[in-house]
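Asks: First the structure, then my questions, so here it is.
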Amino acid sequence: MQTSRVLAIHDISGVGRCSLTVALPVLSAAGIECAVLPTAVLSTHTGEFEGYTFRDLTDDIMPMAQHWAQLGLHFDAIYTGYLGSIEQVELIKQVIQLLSSDDTLVVVDPVMADEGVLYPGFSAEYPTQMLSLCALADVIVPNLTEAALLLGRDYDPNPSAADIESLLQELCVTTGAKASVLTGVSLQAGQLGAACYLGDCADDRGTPADSFSYAAAPHTAGMYHGSGDLFSSALVAGLVTGRMTAQMNGQTLAHSLKQAVDFTAQSIQRTHAAGTKTKYGLLFEAGLAQFGAQFVEQC
Ligand code: PXL
């Protein structure tokens, strides 16, 4: 049996269903081993909660990575999200260089902002640093706010298809990533989803370079914490089980985009129907078995 191993580099927030408390179950449900490099430990995420604890794990990052390098571990993907500080960006770049092989897919979700504003604790310099991390990525997964910050553009919450495609292309050109994914886009009233672009690079399954793909699902109004993390984790699950490597594969990218959009939209719909406070995150657990069943026979 062939198994895959992903290294997830995010914080762990004890309550609020985001970052590692989402990446771990989602990747595991897809039959993937999820190794974790926690960047910080918090009692809750930083959105809508007051008085959260925050323990910075900067000093543990390199020793943990060096231990894994000594063990000779292979990672099919390295997937980064929320980092504990601006200083950690340089360290995570070193970790990627230390632990990637030629076939390691590097996915960077530049978690730092939403709805036009940076998350608490991130300074105005953070997007520039994050851009330098994106330069090591094969795939980057910003939301519309993060894309605007990375590119130094004004935030537009409702971009047209032409605007979305221009953002996706510029994200690849500016960062050097081979593919870009933009979340939170809507081309039709009542629908919300994501778009992706595979830049001008070789594709082992004949997908034309310079191709765009869209996926959408019924939109549930409201701001749902952790939805970006759920989407990116589901996307990584699809990319890894679809054997998308650093060599890229446009069909796998488009298919994984659709699976991640559907899983995220269903989780949002379930949370809305249950009426729980959105700061406690998405009720994704009831859909995990069905989500994972799409992948396990491929592992
Ligand atoms: O969901 C992104 C995220 C991850 N981790 C922490 C956060 C947030 C967003 O607010 O605060 C700690």
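Ligands are numbered from 1 in the order shown, residues from 1 within each chain, and chains are lettered A, B, ... in the order they appear in the structure tokens.
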Contacts of range 230-238 of chain A at 8 Å or less, counting only C-alpha atoms, minus same-chain residues fewer than 4 places along, as JSON, numbers by chain?
Replies: {"A": [18, 22, 23, 26, 27, 30, 32, 79, 107, 109, 141, 226, 242, 252, 253, 255, 256, 257, 259, 260, 261, 263, 264, 295]}
Asks: Based on the selection just made, write C-alpha atoms of those residues as a short mmCIF file (atom, residue, chain, number, x, y, z; two decimals), in the first residue's frame.
Replies:
```cif
data_model
loop_
_atom_site.label_atom_id
_atom_site.label_comp_id
_atom_site.auth_asym_id
_atom_site.auth_seq_id
_atom_site.Cartn_x
_atom_site.Cartn_y
_atom_site.Cartn_z
CA CYS A 18 -8.88 26.27 12.18
CA VAL A 22 -8.65 21.24 10.56
CA ALA A 23 -5.64 20.09 8.51
CA VAL A 26 -9.07 16.41 6.75
CA LEU A 27 -5.78 14.96 5.52
CA ALA A 30 -8.19 11.28 2.91
CA ILE A 32 -2.75 10.83 4.10
CA TYR A 79 1.60 22.83 3.26
CA VAL A 107 1.50 24.64 -1.15
CA ASP A 109 -1.78 29.44 1.95
CA VAL A 141 -3.99 29.73 -2.18
CA GLY A 226 -11.75 28.58 9.44
CA GLY A 242 -4.19 12.85 -7.31
CA THR A 252 -5.91 17.16 -10.74
CA LEU A 253 -5.87 20.85 -9.85
CA HIS A 255 -10.82 18.35 -9.87
CA SER A 256 -9.38 19.05 -6.41
CA LEU A 257 -10.69 22.61 -6.60
CA GLN A 259 -13.96 18.74 -4.31
CA ALA A 260 -12.64 21.39 -1.90
CA VAL A 261 -15.33 23.92 -2.83
CA PHE A 263 -16.77 20.08 0.99
CA THR A 264 -16.35 23.64 2.31
CA PHE A 295 -9.80 9.36 -1.77
#
```
Asks: Taking only residues of chain A that have an atom at most 7 Å from an atom of ligand 1, what is each one's shortest atom pair and its distance in Å to one decimal, using only C-alpha atoms and all ligand atoms, in chain and number order, as CSV?
Replies:
```
residue,atom,partner,partner_atom_place_in_ligand_line,distance
A:Asp11,CA,ligand 1,5 (N),5.8
A:Ser13,CA,ligand 1,12 (C),5.8
A:Cys18,CA,ligand 1,1 (O),4.9
A:Ser19,CA,ligand 1,4 (C),5.0
A:Leu42,CA,ligand 1,12 (C),6.6
A:Thr44,CA,ligand 1,12 (C),6.8
A:His45,CA,ligand 1,11 (O),3.8
A:Thr46,CA,ligand 1,11 (O),3.6
A:Gly47,CA,ligand 1,10 (O),4.5
A:Tyr82,CA,ligand 1,4 (C),5.1
A:Val111,CA,ligand 1,2 (C),6.1
A:Tyr119,CA,ligand 1,10 (O),5.8
A:His225,CA,ligand 1,1 (O),6.0
A:Gly226,CA,ligand 1,1 (O),4.2
A:Ser227,CA,ligand 1,1 (O),7.0
A:Gly228,CA,ligand 1,1 (O),6.2
A:Asp229,CA,ligand 1,1 (O),5.5
```
Asks: As a PyMOL selection string, which residues of range 14-181 of chain A does DSSP assign to strand (DSSP E or B)?
Replies: chain A and resi 14-15+32-44+54-56+77-80+105-108+113-114+117-118+139-140+143+179-181
Asks: Tell me, as a PyMOL selection string, which residues lie within 12 Å of Pro142 in chain A, counting only C-alpha atoms; anything in the same chain fewer than 6 positions away does not count.
Replies: chain A and resi 80-82+107-114+127+130-131+134+148-151+167-168+171-172+179-185+194-196+228-229+231-232
Asks: Could you take the residues named above and write them with C-alpha atoms, as a CSV table (one decimal), in the first residue's frame?
Replies:
```csv
chain,number,residue,atom,x,y,z
A,80,THR,CA,2.0,26.1,5.1
A,81,GLY,CA,-0.7,28.3,6.7
A,82,TYR,CA,-0.8,30.7,9.7
A,107,VAL,CA,1.5,24.6,-1.2
A,108,VAL,CA,1.5,28.0,0.6
A,109,ASP,CA,-1.8,29.4,2.0
A,110,PRO,CA,-0.7,33.0,2.8
A,111,VAL,CA,-3.0,33.2,5.8
A,112,MET,CA,-2.9,36.8,7.0
A,113,ALA,CA,-6.1,38.7,6.3
A,114,ASP,CA,-9.8,38.5,5.3
A,127,PRO,CA,2.5,40.8,3.1
A,130,MET,CA,4.8,36.4,2.8
A,131,LEU,CA,5.4,37.2,-0.8
A,134,CYS,CA,5.1,32.3,-1.9
A,148,ALA,CA,-4.6,42.2,-3.1
A,149,LEU,CA,-2.1,42.5,-0.3
A,150,LEU,CA,0.5,40.3,-2.0
A,151,LEU,CA,0.2,42.3,-5.3
A,167,LEU,CA,-5.2,38.4,-10.4
A,168,LEU,CA,-4.5,34.7,-10.9
A,171,LEU,CA,0.0,36.0,-8.7
A,172,CYS,CA,2.0,33.4,-10.6
A,179,ALA,CA,-0.3,27.6,-10.1
A,180,SER,CA,-2.5,30.0,-8.2
A,181,VAL,CA,-5.9,29.5,-6.5
A,182,LEU,CA,-8.2,32.3,-5.5
A,183,THR,CA,-10.9,31.7,-2.9
A,184,GLY,CA,-14.1,33.6,-2.2
A,185,VAL,CA,-14.9,34.4,-5.8
A,194,ALA,CA,-12.8,29.4,-6.1
A,195,ALA,CA,-10.8,29.8,-9.3
A,196,CYS,CA,-7.4,28.4,-10.3
A,228,GLY,CA,-10.1,29.1,4.3
A,229,ASP,CA,-8.2,26.5,6.3
A,231,PHE,CA,-10.8,24.7,1.8
A,232,SER,CA,-7.0,24.6,1.6
```
Asks: Determine the nearest neighbour of Tyr214 in chain A from the options A:Ala40, A:Val173, A:Leu91, A:Ala254, counting only C-alpha atoms.
Replies: A:Ala254
Asks: Could you tell me how far CA of Asn249 in chain A sits from CA of Leu7 in chain A, in Å to one decimal place?
Replies: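 CA of Leu7 in chain A sits 20.4 Å away from CA of Asn249 in chain A.
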